[in-house]
>>> print(open('upload.txt').read())   # compact mmCIF, C-alpha atoms
# COMPACT_ATOMS: atom_id res chain seq x y z
CA MET N 1 -161.89 17.89 7.96
CA ILE N 2 -160.33 14.50 8.57
CA SER N 3 -163.66 12.78 7.98
CA LEU N 4 -164.05 14.64 4.68
CA LEU N 5 -160.60 13.52 3.55
CA TYR N 6 -161.40 9.96 4.61
CA LYS N 7 -164.58 9.98 2.50
CA LYS N 8 -162.66 11.28 -0.51
CA VAL N 9 -160.10 8.47 -0.19
CA LYS N 10 -162.63 5.75 0.59
CA VAL N 11 -164.51 5.92 -2.73
CA PRO N 12 -161.53 5.36 -5.04
CA LEU N 13 -160.24 2.56 -2.80
CA LYS N 14 -163.60 0.81 -3.08
CA VAL N 15 -163.61 1.28 -6.86
CA LYS N 16 -160.07 -0.07 -7.05
CA LYS N 17 -161.02 -3.09 -4.95
CA ASN N 18 -164.03 -3.86 -7.15
CA SER N 19 -161.91 -3.48 -10.29
CA ILE N 20 -159.32 -5.93 -8.97
CA ILE N 21 -162.06 -8.42 -8.04
CA SER N 22 -163.64 -8.02 -11.49
CA LEU N 23 -160.30 -8.65 -13.21
CA GLY N 24 -159.83 -11.74 -11.09
CA ILE N 25 -163.29 -13.01 -12.07
CA LEU N 26 -162.59 -12.32 -15.78
CA PHE N 27 -159.40 -14.38 -15.47
CA PHE N 28 -161.30 -17.19 -13.73
CA LEU N 29 -164.14 -17.07 -16.29
CA GLN N 30 -161.69 -17.25 -19.18
CA PHE N 31 -160.23 -20.52 -17.95
CA SER N 32 -163.54 -21.85 -16.64
CA ILE N 33 -165.51 -21.27 -19.88
CA PHE N 34 -163.04 -21.10 -22.77
CA ALA N 35 -160.41 -23.37 -21.15
CA PRO N 36 -157.44 -22.36 -23.36
CA PRO N 37 -155.04 -25.34 -23.43
CA VAL N 38 -152.08 -23.46 -21.91
CA LEU N 39 -150.98 -26.62 -20.07
CA GLY N 40 -151.09 -28.68 -23.27
CA GLN N 41 -154.71 -29.78 -22.96
CA SER N 42 -157.87 -27.88 -22.12
CA LEU N 43 -158.94 -30.74 -19.83
CA VAL N 44 -156.00 -30.07 -17.51
CA VAL N 45 -156.94 -26.37 -17.28
CA PHE N 46 -160.56 -27.29 -16.66
CA LEU N 47 -159.66 -29.72 -13.85
CA VAL N 48 -157.54 -27.08 -12.10
CA ILE N 49 -160.43 -24.57 -12.24
CA SER N 50 -162.88 -27.23 -11.05
CA PHE N 51 -160.67 -28.02 -8.07
CA PHE N 52 -160.71 -24.37 -6.94
CA SER N 53 -164.49 -24.10 -7.48
CA PHE N 54 -165.19 -27.29 -5.56
CA THR N 55 -162.92 -26.20 -2.71
CA TYR N 56 -164.62 -22.79 -2.57
CA LEU N 57 -168.10 -24.35 -2.32
CA ILE N 58 -166.90 -26.70 0.43
CA PHE N 59 -165.24 -23.84 2.32
CA THR N 60 -168.37 -21.63 2.10
CA LYS N 61 -170.67 -24.60 2.86
CA LYS N 62 -172.64 -24.04 -0.35
CA LEU N 63 -172.05 -27.37 -2.10
CA GLY N 64 -175.31 -28.80 -0.73
CA LYS N 65 -177.29 -25.81 -2.02
CA ALA N 66 -175.62 -26.13 -5.40
CA LEU N 67 -176.67 -29.78 -5.65
CA PHE N 68 -180.19 -28.85 -4.57
CA ALA N 69 -180.43 -26.12 -7.25
CA TYR N 70 -179.46 -28.66 -9.91
CA LYS N 71 -181.27 -31.72 -8.54
CA ALA N 72 -183.25 -32.33 -11.76
CA ASP N 73 -180.09 -31.90 -13.86
CA ILE N 74 -178.17 -34.31 -11.61
CA LEU N 75 -180.88 -36.92 -12.06
CA VAL N 76 -180.67 -36.73 -15.87
CA ILE N 77 -176.85 -36.61 -15.87
CA SER N 78 -176.80 -39.65 -13.55
CA LEU N 79 -178.94 -41.55 -16.07
CA LEU N 80 -176.47 -40.62 -18.80
CA ILE N 81 -173.51 -41.71 -16.65
CA VAL N 82 -175.14 -45.09 -15.86
CA TYR N 83 -176.01 -45.58 -19.54
CA SER N 84 -172.51 -44.75 -20.77
CA PHE N 85 -170.92 -46.82 -17.95
CA PHE N 86 -172.85 -49.84 -19.21
CA TRP N 87 -171.44 -49.37 -22.69
CA PHE N 88 -167.95 -48.76 -21.28
CA ILE N 89 -168.12 -52.18 -19.59
CA VAL N 90 -169.23 -53.78 -22.85
CA THR N 91 -167.09 -51.97 -25.47
CA ARG N 92 -164.41 -50.16 -23.42
CA ASP N 93 -165.37 -46.92 -25.21
CA ASN N 94 -165.34 -44.12 -22.62
CA SER N 95 -166.01 -41.26 -25.06
CA TYR N 96 -169.21 -40.23 -23.28
CA LEU N 97 -168.60 -41.62 -19.79
CA SER N 98 -165.66 -39.30 -19.13
CA LYS N 99 -167.53 -36.34 -20.63
CA PHE N 100 -170.63 -36.82 -18.44
CA ILE N 101 -168.50 -36.96 -15.31
CA ILE N 102 -166.85 -33.70 -16.39
CA ILE N 103 -170.30 -32.17 -17.02
CA LEU N 104 -171.05 -32.43 -13.30
CA PHE N 105 -168.35 -29.79 -12.82
CA CYS N 106 -168.75 -27.59 -15.90
CA TRP N 107 -172.56 -27.58 -15.59
CA ILE N 108 -172.93 -27.37 -11.80
CA VAL N 109 -169.84 -26.77 -9.66
CA ASN N 110 -167.99 -24.05 -11.61
CA PRO N 111 -171.05 -21.93 -12.61
CA TYR N 112 -172.53 -22.06 -9.11
CA ALA N 113 -169.24 -21.13 -7.42
CA ILE N 114 -168.69 -18.15 -9.75
CA SER N 115 -172.32 -16.99 -9.46
CA TYR N 116 -172.36 -17.24 -5.67
CA PHE N 117 -169.14 -15.23 -5.43
CA CYS N 118 -170.47 -12.50 -7.76
CA VAL N 119 -173.81 -12.15 -5.98
CA ARG N 120 -172.09 -12.16 -2.60
CA TYR N 121 -169.79 -9.29 -3.59
CA LYS N 122 -172.37 -7.53 -5.82
CA ILE N 123 -170.41 -8.08 -9.03
CA LYS N 124 -172.44 -7.76 -12.26
CA LEU N 125 -171.67 -11.13 -13.81
CA ILE N 126 -173.64 -10.72 -17.06
CA ARG N 127 -171.72 -7.54 -17.82
CA LEU N 128 -168.45 -9.38 -17.16
CA LEU N 129 -169.49 -12.22 -19.48
CA ILE N 130 -170.16 -9.74 -22.28
CA ILE N 131 -166.79 -8.02 -21.67
CA LEU N 132 -165.05 -11.41 -21.60
CA VAL N 133 -166.46 -12.48 -24.97
CA ILE N 134 -165.65 -9.09 -26.53
CA LEU N 135 -162.03 -9.37 -25.31
CA ASN N 136 -161.80 -12.86 -26.81
CA ALA N 137 -163.18 -11.58 -30.13
CA LEU N 138 -160.57 -8.81 -30.12
CA VAL N 139 -157.80 -11.35 -29.52
CA SER N 140 -159.12 -13.39 -32.48
CA PHE N 141 -159.20 -10.28 -34.68
CA PHE N 142 -155.65 -9.20 -33.81
CA GLN N 143 -154.43 -12.75 -34.38
CA TYR N 144 -156.01 -12.66 -37.81
CA ILE N 145 -154.46 -9.36 -38.90
CA SER N 146 -151.07 -9.81 -37.22
CA PRO N 147 -149.02 -12.96 -37.96
CA VAL N 148 -146.59 -12.00 -35.17
CA PHE N 149 -149.36 -11.77 -32.58
CA ASN N 150 -150.88 -14.98 -33.95
CA ASN N 151 -147.59 -16.85 -33.48
CA ILE N 152 -147.29 -15.56 -29.91
CA ILE N 153 -150.81 -16.76 -28.98
CA LYS N 154 -150.34 -20.13 -30.69
CA SER N 155 -147.06 -20.65 -28.86
CA ILE N 156 -148.98 -20.19 -25.59
CA VAL N 157 -152.09 -22.08 -26.72
CA PRO N 158 -151.03 -24.76 -29.23
CA GLN N 159 -153.67 -26.71 -31.10
CA GLU N 160 -154.49 -29.77 -29.01
CA ASP N 161 -154.62 -32.17 -31.94
CA ARG N 162 -152.23 -31.36 -34.73
CA SER N 163 -153.13 -34.69 -36.39
CA ASN N 164 -156.71 -33.46 -36.92
CA PRO N 165 -157.10 -32.93 -40.71
CA MET N 166 -159.25 -29.82 -40.10
CA VAL N 167 -156.49 -28.21 -38.02
CA GLN N 168 -153.94 -28.82 -40.77
CA LEU N 169 -156.27 -27.81 -43.62
CA TYR N 170 -157.29 -24.47 -42.09
CA ASP N 171 -154.01 -23.53 -40.42
CA GLY N 172 -153.56 -19.77 -40.89
CA ILE N 173 -157.10 -19.41 -42.27
CA ARG N 174 -159.31 -20.39 -39.32
CA GLY N 175 -158.80 -21.18 -35.65
CA PHE N 176 -157.88 -17.80 -34.12
CA GLY N 177 -158.42 -17.31 -30.41
CA PHE N 178 -157.23 -17.83 -26.84
CA SER N 179 -159.64 -20.71 -26.34
CA SER N 180 -160.37 -24.34 -26.99
CA GLY N 181 -163.11 -25.37 -29.42
CA LEU N 182 -162.19 -22.75 -32.02
CA PHE N 183 -163.71 -24.75 -34.89
CA TYR N 184 -167.09 -25.10 -33.19
CA SER N 185 -168.10 -24.07 -29.66
CA TYR N 186 -166.11 -20.81 -29.38
CA SER N 187 -168.09 -19.14 -32.16
CA ILE N 188 -171.42 -20.21 -30.64
CA ASN N 189 -170.63 -18.21 -27.50
CA LEU N 190 -169.79 -15.20 -29.68
CA GLY N 191 -173.12 -15.58 -31.45
CA ILE N 192 -174.98 -15.65 -28.11
CA ILE N 193 -173.44 -12.30 -27.17
CA VAL N 194 -174.38 -10.84 -30.58
CA ALA N 195 -177.98 -11.81 -29.80
CA MET N 196 -177.73 -10.18 -26.36
CA CYS N 197 -176.33 -6.98 -27.87
CA LEU N 198 -179.17 -6.88 -30.38
CA ASN N 199 -181.67 -7.41 -27.58
CA LYS N 200 -180.21 -4.57 -25.50
CA ALA N 201 -180.32 -2.24 -28.50
CA LEU N 202 -183.84 -3.15 -29.60
CA PHE N 203 -185.59 -3.46 -26.25
CA LYS N 204 -183.50 -1.28 -23.93
CA GLN N 205 -182.54 1.42 -26.46
CA LYS N 206 -178.86 0.84 -25.68
CA TYR N 207 -177.82 1.45 -29.28
CA TYR N 208 -174.13 1.66 -28.42
CA CYS N 209 -174.27 -2.16 -28.09
CA LEU N 210 -174.56 -2.30 -31.90
CA LEU N 211 -170.99 -1.01 -32.15
CA ILE N 212 -169.77 -4.22 -30.53
CA ILE N 213 -171.40 -6.54 -33.07
CA PRO N 214 -168.91 -6.15 -36.01
CA ILE N 215 -165.93 -7.41 -33.98
CA LEU N 216 -168.01 -10.36 -32.72
CA LEU N 217 -169.13 -11.22 -36.26
CA MET N 218 -165.51 -11.04 -37.38
CA GLY N 219 -164.60 -13.53 -34.64
CA ILE N 220 -167.30 -15.86 -35.96
CA MET N 221 -166.28 -15.54 -39.62
CA ILE N 222 -162.63 -16.38 -38.99
CA ASN N 223 -163.43 -19.41 -36.85
CA ALA N 224 -166.73 -21.22 -37.43
CA ARG N 225 -169.95 -20.27 -39.22
CA ILE N 226 -171.92 -22.26 -36.63
CA GLY N 227 -171.75 -19.07 -34.54
CA LEU N 228 -174.38 -17.56 -36.83
CA VAL N 229 -176.98 -20.02 -35.47
CA PRO N 230 -177.74 -18.12 -32.20
CA ILE N 231 -178.11 -14.89 -34.20
CA ILE N 232 -180.57 -16.50 -36.62
CA VAL N 233 -182.47 -18.05 -33.69
CA TYR N 234 -182.75 -14.63 -32.04
CA LEU N 235 -183.99 -13.03 -35.26
CA ILE N 236 -186.62 -15.78 -35.50
CA TYR N 237 -187.61 -15.02 -31.90
CA ILE N 238 -188.14 -11.29 -32.41
CA THR N 239 -189.89 -11.91 -35.74
CA ILE N 240 -192.34 -14.56 -34.54
CA VAL N 241 -192.61 -14.14 -30.77
CA LYS N 242 -192.12 -10.40 -30.35
CA PHE N 243 -192.56 -8.94 -33.78
CA ASN N 244 -192.30 -5.19 -34.06
CA PHE N 245 -191.84 -3.58 -37.47
CA LYS N 246 -189.68 -0.75 -36.13
CA ARG N 247 -187.33 -3.17 -34.36
CA PHE N 248 -187.22 -5.44 -37.39
CA LEU N 249 -186.36 -2.47 -39.64
CA ILE N 250 -183.59 -1.33 -37.26
CA THR N 251 -182.10 -4.84 -37.16
CA VAL N 252 -182.09 -5.23 -40.95
CA SER N 253 -180.61 -1.73 -41.39
CA VAL N 254 -177.83 -2.48 -38.91
CA PHE N 255 -176.79 -5.67 -40.69
CA ILE N 256 -176.89 -3.99 -44.12
CA ALA N 257 -174.78 -1.10 -42.80
CA MET N 258 -172.27 -3.49 -41.22
CA TYR N 259 -172.04 -5.45 -44.47
CA PHE N 260 -171.11 -2.34 -46.48
CA VAL N 261 -168.65 -1.18 -43.81
CA ILE N 262 -166.88 -4.55 -43.83
CA ILE N 263 -166.88 -4.67 -47.65
CA ASN N 264 -165.20 -1.26 -47.80
CA ILE N 265 -162.50 -1.98 -45.22
CA ALA N 266 -161.93 -5.64 -46.06
CA SER N 267 -158.64 -6.85 -47.44
CA GLU N 268 -158.39 -9.59 -50.06
CA ARG N 269 -157.89 -12.12 -47.27
CA MET N 270 -161.07 -10.93 -45.53
CA PHE N 271 -162.99 -11.23 -48.80
CA ILE N 272 -162.16 -14.95 -48.79
CA MET N 273 -163.67 -15.25 -45.30
CA LEU N 274 -166.76 -13.24 -46.31
CA ASP N 275 -167.23 -15.44 -49.35
CA TRP N 276 -166.79 -18.56 -47.18
CA THR N 277 -169.46 -17.27 -44.77
CA TYR N 278 -171.82 -16.31 -47.59
CA GLN N 279 -171.38 -19.72 -49.22
CA ILE N 280 -173.22 -21.50 -46.42
CA PHE N 281 -176.37 -19.44 -47.12
CA GLU N 282 -176.14 -19.93 -50.89
CA ASP N 283 -175.59 -23.68 -50.57
CA GLY N 284 -178.41 -23.94 -48.03
CA PHE N 285 -180.82 -22.09 -50.33
CA ARG N 286 -179.93 -24.25 -53.32
CA TYR N 287 -180.10 -27.52 -51.35
CA ILE N 288 -183.17 -26.93 -49.15
CA ILE N 289 -185.32 -24.54 -51.23
CA LYS N 290 -184.42 -25.50 -54.81
CA GLY N 291 -183.62 -29.15 -54.10
CA GLU N 292 -180.36 -28.99 -56.08
CA GLN N 293 -177.39 -31.24 -55.38
CA VAL N 294 -174.64 -29.23 -53.71
CA GLU N 295 -171.06 -30.40 -53.40
CA GLY N 296 -169.08 -29.84 -50.21
CA HIS N 297 -170.50 -28.95 -46.80
CA PHE N 298 -174.20 -29.59 -47.35
CA SER N 299 -173.50 -32.75 -49.30
CA ARG N 300 -171.59 -34.16 -46.32
CA LEU N 301 -174.14 -33.07 -43.70
CA PHE N 302 -177.19 -34.39 -45.54
CA ASP N 303 -175.69 -37.38 -47.33
CA THR N 304 -172.18 -38.63 -46.59
CA PHE N 305 -172.36 -38.18 -42.79
CA LEU N 306 -175.79 -39.82 -42.43
CA VAL N 307 -174.50 -43.08 -40.96
CA PHE N 308 -177.45 -44.95 -39.45
CA PRO N 309 -177.39 -48.04 -37.20
CA GLY N 310 -177.49 -51.38 -39.00
CA ASN N 311 -180.17 -53.22 -37.02
CA LEU N 312 -183.18 -52.70 -34.74
CA ARG N 313 -181.28 -53.29 -31.51
CA SER N 314 -178.69 -50.67 -32.48
CA TRP N 315 -181.49 -48.22 -33.28
CA ILE N 316 -182.97 -48.67 -29.79
CA ILE N 317 -179.93 -49.00 -27.46
CA GLY N 318 -177.01 -48.23 -29.77
CA THR N 319 -173.68 -49.98 -30.33
CA GLY N 320 -171.65 -48.37 -27.56
CA LYS N 321 -169.16 -47.05 -30.10
CA TYR N 322 -168.35 -43.41 -30.79
CA ILE N 323 -168.15 -43.58 -34.59
CA PHE N 324 -166.34 -40.24 -34.91
CA THR N 325 -163.17 -42.04 -33.80
CA ASN N 326 -164.16 -45.71 -33.64
CA ALA N 327 -165.72 -46.84 -36.92
CA PRO N 328 -164.76 -47.38 -40.59
CA ARG N 329 -167.43 -44.87 -41.70
CA THR N 330 -167.46 -41.71 -39.63
CA SER N 331 -169.67 -38.66 -39.07
CA ASP N 332 -169.53 -35.38 -37.16
CA ILE N 333 -173.32 -34.91 -36.93
CA GLY N 334 -174.16 -34.86 -33.23
CA TYR N 335 -177.47 -36.73 -33.54
CA ILE N 336 -175.86 -39.44 -35.70
CA LEU N 337 -172.96 -39.90 -33.26
CA GLN N 338 -175.37 -40.14 -30.32
CA LEU N 339 -177.79 -42.43 -32.15
CA ASN N 340 -175.03 -44.88 -33.08
CA TYR N 341 -173.57 -44.79 -29.58
CA GLY N 342 -176.71 -45.17 -27.45
CA GLY N 343 -179.68 -45.43 -29.78
CA ILE N 344 -183.01 -43.64 -29.55
CA LEU N 345 -183.12 -44.15 -25.78
CA PHE N 346 -179.84 -42.28 -25.35
CA LEU N 347 -181.03 -39.48 -27.63
CA PHE N 348 -184.23 -39.17 -25.60
CA ILE N 349 -182.29 -38.68 -22.35
CA LEU N 350 -180.02 -36.08 -23.99
CA ILE N 351 -182.97 -34.06 -25.30
CA LEU N 352 -184.56 -34.37 -21.84
CA PHE N 353 -181.41 -32.78 -20.40
CA PHE N 354 -181.86 -29.68 -22.58
CA LEU N 355 -185.61 -29.53 -21.91
CA VAL N 356 -185.06 -29.63 -18.14
CA PHE N 357 -182.65 -26.72 -18.46
CA TYR N 358 -185.10 -24.81 -20.68
CA PHE N 359 -188.04 -25.11 -18.28
CA LYS N 360 -185.92 -24.34 -15.20
CA LEU N 361 -184.49 -21.21 -16.79
CA LYS N 362 -187.86 -20.10 -18.17
CA ARG N 363 -189.51 -20.60 -14.76
CA ILE N 364 -186.94 -18.58 -12.83
CA ILE N 365 -187.04 -15.70 -15.34
CA SER N 366 -190.84 -15.58 -15.45
CA LYS N 367 -191.06 -15.49 -11.64
CA ASN N 368 -188.72 -12.48 -11.33
CA ASN N 369 -189.71 -9.24 -13.04
CA PHE N 370 -186.18 -7.83 -12.83
CA LEU N 371 -185.07 -10.61 -15.23
CA GLU N 372 -187.65 -9.74 -17.88
CA GLU N 373 -184.93 -8.36 -20.16
CA TYR N 374 -183.63 -11.92 -20.50
CA SER N 375 -186.96 -13.58 -21.34
CA PHE N 376 -185.56 -14.59 -24.75
CA ILE N 377 -182.64 -16.55 -23.24
CA PRO N 378 -184.45 -19.90 -22.63
CA PHE N 379 -185.74 -20.00 -26.23
CA LEU N 380 -182.31 -18.94 -27.54
CA PHE N 381 -180.41 -21.56 -25.55
CA LEU N 382 -182.79 -24.45 -26.30
CA LEU N 383 -183.05 -23.89 -30.06
CA THR N 384 -179.32 -23.13 -30.37
CA SER N 385 -178.45 -26.36 -28.55
CA LEU N 386 -180.77 -28.50 -30.68
CA LEU N 387 -179.68 -26.93 -33.99
CA CYS N 388 -175.97 -26.91 -33.21
CA ASN N 389 -176.16 -30.55 -32.16
CA TYR N 390 -176.66 -31.37 -35.83
CA LYS N 391 -173.37 -29.79 -36.88
CA GLY N 392 -171.40 -31.19 -33.94
CA ASP N 393 -171.64 -33.14 -30.69
CA PHE N 394 -172.98 -30.29 -28.56
CA ILE N 395 -173.23 -32.28 -25.31
CA ARG N 396 -169.44 -32.79 -25.37
CA SER N 397 -168.78 -29.05 -25.63
CA ASN N 398 -167.64 -27.82 -22.21
CA VAL N 399 -167.15 -24.33 -23.67
CA ASN N 400 -170.88 -23.99 -24.41
CA LEU N 401 -172.25 -25.94 -21.44
CA SER N 402 -170.23 -23.86 -18.96
CA PHE N 403 -171.35 -20.65 -20.63
CA PHE N 404 -175.04 -21.59 -20.72
CA SER N 405 -175.17 -22.87 -17.15
CA ILE N 406 -173.67 -19.70 -15.69
CA PHE N 407 -176.82 -17.82 -16.71
CA TYR N 408 -179.06 -20.18 -14.78
CA ALA N 409 -176.79 -20.28 -11.71
CA TYR N 410 -176.51 -16.48 -11.61
CA PHE N 411 -180.24 -15.90 -12.12
CA PHE N 412 -180.98 -18.49 -9.43
CA MET N 413 -178.64 -16.77 -6.96
CA LEU N 414 -180.15 -13.37 -7.78
CA SER N 415 -183.67 -14.66 -7.23
CA LEU N 416 -182.65 -15.79 -3.74
CA LYS N 417 -180.96 -12.47 -3.05
CA VAL N 418 -183.87 -10.34 -4.28
CA ARG N 419 -186.08 -11.75 -1.56
CA GLN N 420 -183.96 -9.80 0.89
CA HIS N 421 -183.16 -6.69 -1.14
CA THR N 422 -183.03 -5.48 -4.76
CA HIS N 423 -179.97 -6.45 -6.77
CA THR N 424 -179.53 -5.32 -10.35
CA ILE N 425 -177.57 -7.08 -13.06
>>> encode(input="upload.txt", output="C-alpha cells")
Amino acid sequence: MISLLYKKVKVPLKVKKNSIISLGILFFLQFSIFAPPVLGQSLVVFLVISFFSFTYLIFTKKLGKALFAYKADILVISLLIVYSFFWFIVTRDNSYLSKFIIILFCWIVNPYAISYFCVRYKIKLIRLLIILVILNALVSFFQYISPVFNNIIKSIVPQEDRSNPMVQLYDGIRGFGFSSGLFYSYSINLGIIVAMCLNKALFKQKYYCLLIIPILLMGIMINARIGLVPIIVYLIYITIVKFNFKRFLITVSVFIAMYFVIINIASERMFIMLDWTYQIFEDGFRYIIKGEQVEGHFSRLFDTFLVFPGNLRSWIIGTGKYIFTNAPRTSDIGYILQLNYGGILFLFILILFFLVFYFKLKRIISKNNFLEEYSFIPFLFLLTSLLCNYKGDFIRSNVNLSFFSIFYAYFFMLSLKVRQHTHTI
C-alpha cells in the first residue's frame, strides 16, 4: 500500500521537477538568444549569460569537448579575429574585432552549454526553442494591440539607441518585442520557426502547427519584413528539392486562408502593416521583373547603398573602416559593409564561415536517421544567412548566430548520446 502511494506521488513530482527545469531553460534561452537589453545594453546581458555558460562548462569539464566540436569554426573565427585586429591597429576601428571575440561565446560556449545540459537531463530543446519563439511573438502582438502593455515592456527594455533615425521614425509602428535586434534579426528567428512549423505539418502531418503560424507572421509584420526570407527559402526548398503537389497545394491553401482571416479581423492600423509588408513584393516585382525604377526601399538597396571601394587595394584587403558609422557615404548592405572594411579576402573568409557550418550540420544530420526530419535545416540556414546578409550585417547579429548554432550543438550532443541509447527530440 505504501509503495503504491509512493508511486502515485513520484510521477507528479518528476513532472514538476522537469517543468521547473524547462522554465529555467526558457529563461536562460531568452537572455542567451534574444538578449533583451534589461540592463541598458544587450551586450551586458549577453556577457552575464556567457559567464554562467563558461563557468558551467569548466565545472562539468566539457569546455575541451566544446572546443573540439567547433574546431573548424574556431579556425575560421581566429582568421577573422587576426584580420580585424590588423585593421584595428591601423585604423583604430574595432567594429568587427569586438564582434568576432563575442562570436566565440554566442556561437560556441553558450549553445554548447545549453545543449549539453538539455541532453544530460533529457530535455527536448527543439520543442523549447519553438515555445520560446512563440512566447516572444505573443509578447510582440500584445505590445502592438495594447499601448499600456507596450509602455510596460519598453520601460523594462528601452531601445538601445534612441539617436538611431529608424528607431525614432518607426516608434509606435515597428519594434515590438522583449528582445534586441527588433528591426532585423528578431524577425529572422520568427521566420525560421514558421518554416519549422510548415515542415512539421507537411512532412509529419502535425497540422496543429499551422495554427501557430499567424501569430508568428504577425510578429514579423510589425517588426521587420526580412523575417519573410526564411519562409521563402523553405518554400523554394520544398518546391525544388522535395516537390510534392499535395504538400504544395496545402501550403498555398494555408497562406490564402490566413490572408483572408487576417483581412477580416484586421484593424485600420493592421491594414497599414499589411500594406507595408505587401509593398516589398510589389516593389520587388516592378524593379526585378519589369525593370522599372522604384522609389524607396529597393532604390536604396540597389542604388544609393551600393558604395564600392575606390581603388584596387581597397577591393582586395579593404580600408579597415566600418562605413555604416565611419564614412561620409554610408550603407546598411552587409556585403558592402564587409567589402569596404576588409575587401574580397575578408568576404571570402566570412562566406567560408557559413559554408563550414552548412557542411558540418548537413553531415551530422545525414549520419543520424533520427534527425531526418531536420534535413532541410542546413539549406535553410545557409541560404537565409547569405540572403539576409544583403539587407544587413548578418555576421554581427548575435540573436541569429546564437539561435542557429544551438541546432548544431544540440544535434551534435544527441548524436553522441544515441550511440549509447535512443534519445528523441
>>> axis_aligned_box(input="upload.txt", around="range 390-403 of chain N", padding_each_side="6 Å", output="AutoDock Vina command-line options")
--center_x -171.9 --center_y -26.9 --center_z -27.9 --size_x 21.5 --size_y 24.5 --size_z 29.9
>>> residues_around(input="upload.txt", residues="Val48 in chain N", least_positions_apart="6", cutoff="12 Å", atoms="only C-alpha atoms", output="PyMOL selection string")
chain N and resi 28+31-32+35+37-39+41-42+54-55+105-106+110
>>> closest_residue(input="upload.txt", among="N:Val45, N:Ile349, N:Leu380, N:Ile153", to="Met196 in chain N", atoms="all atoms listed in the file")
N:Leu380
>>> residues_around(input="upload.txt", residues="range 113-129 of chain N", least_positions_apart="4", cutoff="10 Å", atoms="all atoms listed in the file", output="ChimeraX atom specification")
/N:18-19,21-23,25-26,28-30,32-33,50,52-58,60,62-63,66,108-109,133-135,193,403,406-414,416-417,423-425
>>> write_last_selection(input="upload.txt", atoms="C-alpha atoms", output="mmCIF file, in the frame of the given file")
data_model
loop_
_atom_site.group_PDB
_atom_site.id
_atom_site.type_symbol
_atom_site.label_atom_id
_atom_site.label_comp_id
_atom_site.auth_asym_id
_atom_site.auth_seq_id
_atom_site.Cartn_x
_atom_site.Cartn_y
_atom_site.Cartn_z
ATOM 1 C CA ASN N 18 -164.030 -3.860 -7.150
ATOM 2 C CA SER N 19 -161.910 -3.480 -10.290
ATOM 3 C CA ILE N 21 -162.060 -8.420 -8.040
ATOM 4 C CA SER N 22 -163.640 -8.020 -11.490
ATOM 5 C CA LEU N 23 -160.300 -8.650 -13.210
ATOM 6 C CA ILE N 25 -163.290 -13.010 -12.070
ATOM 7 C CA LEU N 26 -162.590 -12.320 -15.780
ATOM 8 C CA PHE N 28 -161.300 -17.190 -13.730
ATOM 9 C CA LEU N 29 -164.140 -17.070 -16.290
ATOM 10 C CA GLN N 30 -161.690 -17.250 -19.180
ATOM 11 C CA SER N 32 -163.540 -21.850 -16.640
ATOM 12 C CA ILE N 33 -165.510 -21.270 -19.880
ATOM 13 C CA SER N 50 -162.880 -27.230 -11.050
ATOM 14 C CA PHE N 52 -160.710 -24.370 -6.940
ATOM 15 C CA SER N 53 -164.490 -24.100 -7.480
ATOM 16 C CA PHE N 54 -165.190 -27.290 -5.560
ATOM 17 C CA THR N 55 -162.920 -26.200 -2.710
ATOM 18 C CA TYR N 56 -164.620 -22.790 -2.570
ATOM 19 C CA LEU N 57 -168.100 -24.350 -2.320
ATOM 20 C CA ILE N 58 -166.900 -26.700 0.430
ATOM 21 C CA THR N 60 -168.370 -21.630 2.100
ATOM 22 C CA LYS N 62 -172.640 -24.040 -0.350
ATOM 23 C CA LEU N 63 -172.050 -27.370 -2.100
ATOM 24 C CA ALA N 66 -175.620 -26.130 -5.400
ATOM 25 C CA ILE N 108 -172.930 -27.370 -11.800
ATOM 26 C CA VAL N 109 -169.840 -26.770 -9.660
ATOM 27 C CA VAL N 133 -166.460 -12.480 -24.970
ATOM 28 C CA ILE N 134 -165.650 -9.090 -26.530
ATOM 29 C CA LEU N 135 -162.030 -9.370 -25.310
ATOM 30 C CA ILE N 193 -173.440 -12.300 -27.170
ATOM 31 C CA PHE N 403 -171.350 -20.650 -20.630
ATOM 32 C CA ILE N 406 -173.670 -19.700 -15.690
ATOM 33 C CA PHE N 407 -176.820 -17.820 -16.710
ATOM 34 C CA TYR N 408 -179.060 -20.180 -14.780
ATOM 35 C CA ALA N 409 -176.790 -20.280 -11.710
ATOM 36 C CA TYR N 410 -176.510 -16.480 -11.610
ATOM 37 C CA PHE N 411 -180.240 -15.900 -12.120
ATOM 38 C CA PHE N 412 -180.980 -18.490 -9.430
ATOM 39 C CA MET N 413 -178.640 -16.770 -6.960
ATOM 40 C CA LEU N 414 -180.150 -13.370 -7.780
ATOM 41 C CA LEU N 416 -182.650 -15.790 -3.740
ATOM 42 C CA LYS N 417 -180.960 -12.470 -3.050
ATOM 43 C CA HIS N 423 -179.970 -6.450 -6.770
ATOM 44 C CA THR N 424 -179.530 -5.320 -10.350
ATOM 45 C CA ILE N 425 -177.570 -7.080 -13.060
#
>>> atom_distance(input="upload.txt", atom1="CA of Pro36 in chain N", atom2="CA of Ser385 in chain N")
22.0 Å
>>> atom_distance(input="upload.txt", atom1="CA of Ser397 in chain N", atom2="CA of Ala201 in chain N")
29.3 Å
>>> decode(input="upload.txt", residues="range 197-208 of chain N", atoms="C-alpha atoms", output="PDB file, in the first residue's frame")
ATOM      1  CA  CYS N 197       6.010  24.595 -38.334  1.00  0.00           C
ATOM      2  CA  LEU N 198       5.312  24.206 -42.046  1.00  0.00           C
ATOM      3  CA  ASN N 199       7.733  21.298 -42.202  1.00  0.00           C
ATOM      4  CA  LYS N 200       6.080  19.529 -39.257  1.00  0.00           C
ATOM      5  CA  ALA N 201       2.657  19.981 -40.841  1.00  0.00           C
ATOM      6  CA  LEU N 202       3.672  18.879 -44.330  1.00  0.00           C
ATOM      7  CA  PHE N 203       6.010  16.001 -43.537  1.00  0.00           C
ATOM      8  CA  LYS N 204       4.884  14.842 -40.086  1.00  0.00           C
ATOM      9  CA  GLN N 205       1.136  15.502 -40.505  1.00  0.00           C
ATOM     10  CA  LYS N 206       1.173  17.667 -37.374  1.00  0.00           C
ATOM     11  CA  TYR N 207      -1.381  20.080 -38.802  1.00  0.00           C
ATOM     12  CA  TYR N 208      -1.969  21.791 -35.464  1.00  0.00           C
TER      13      TYR N 208
END
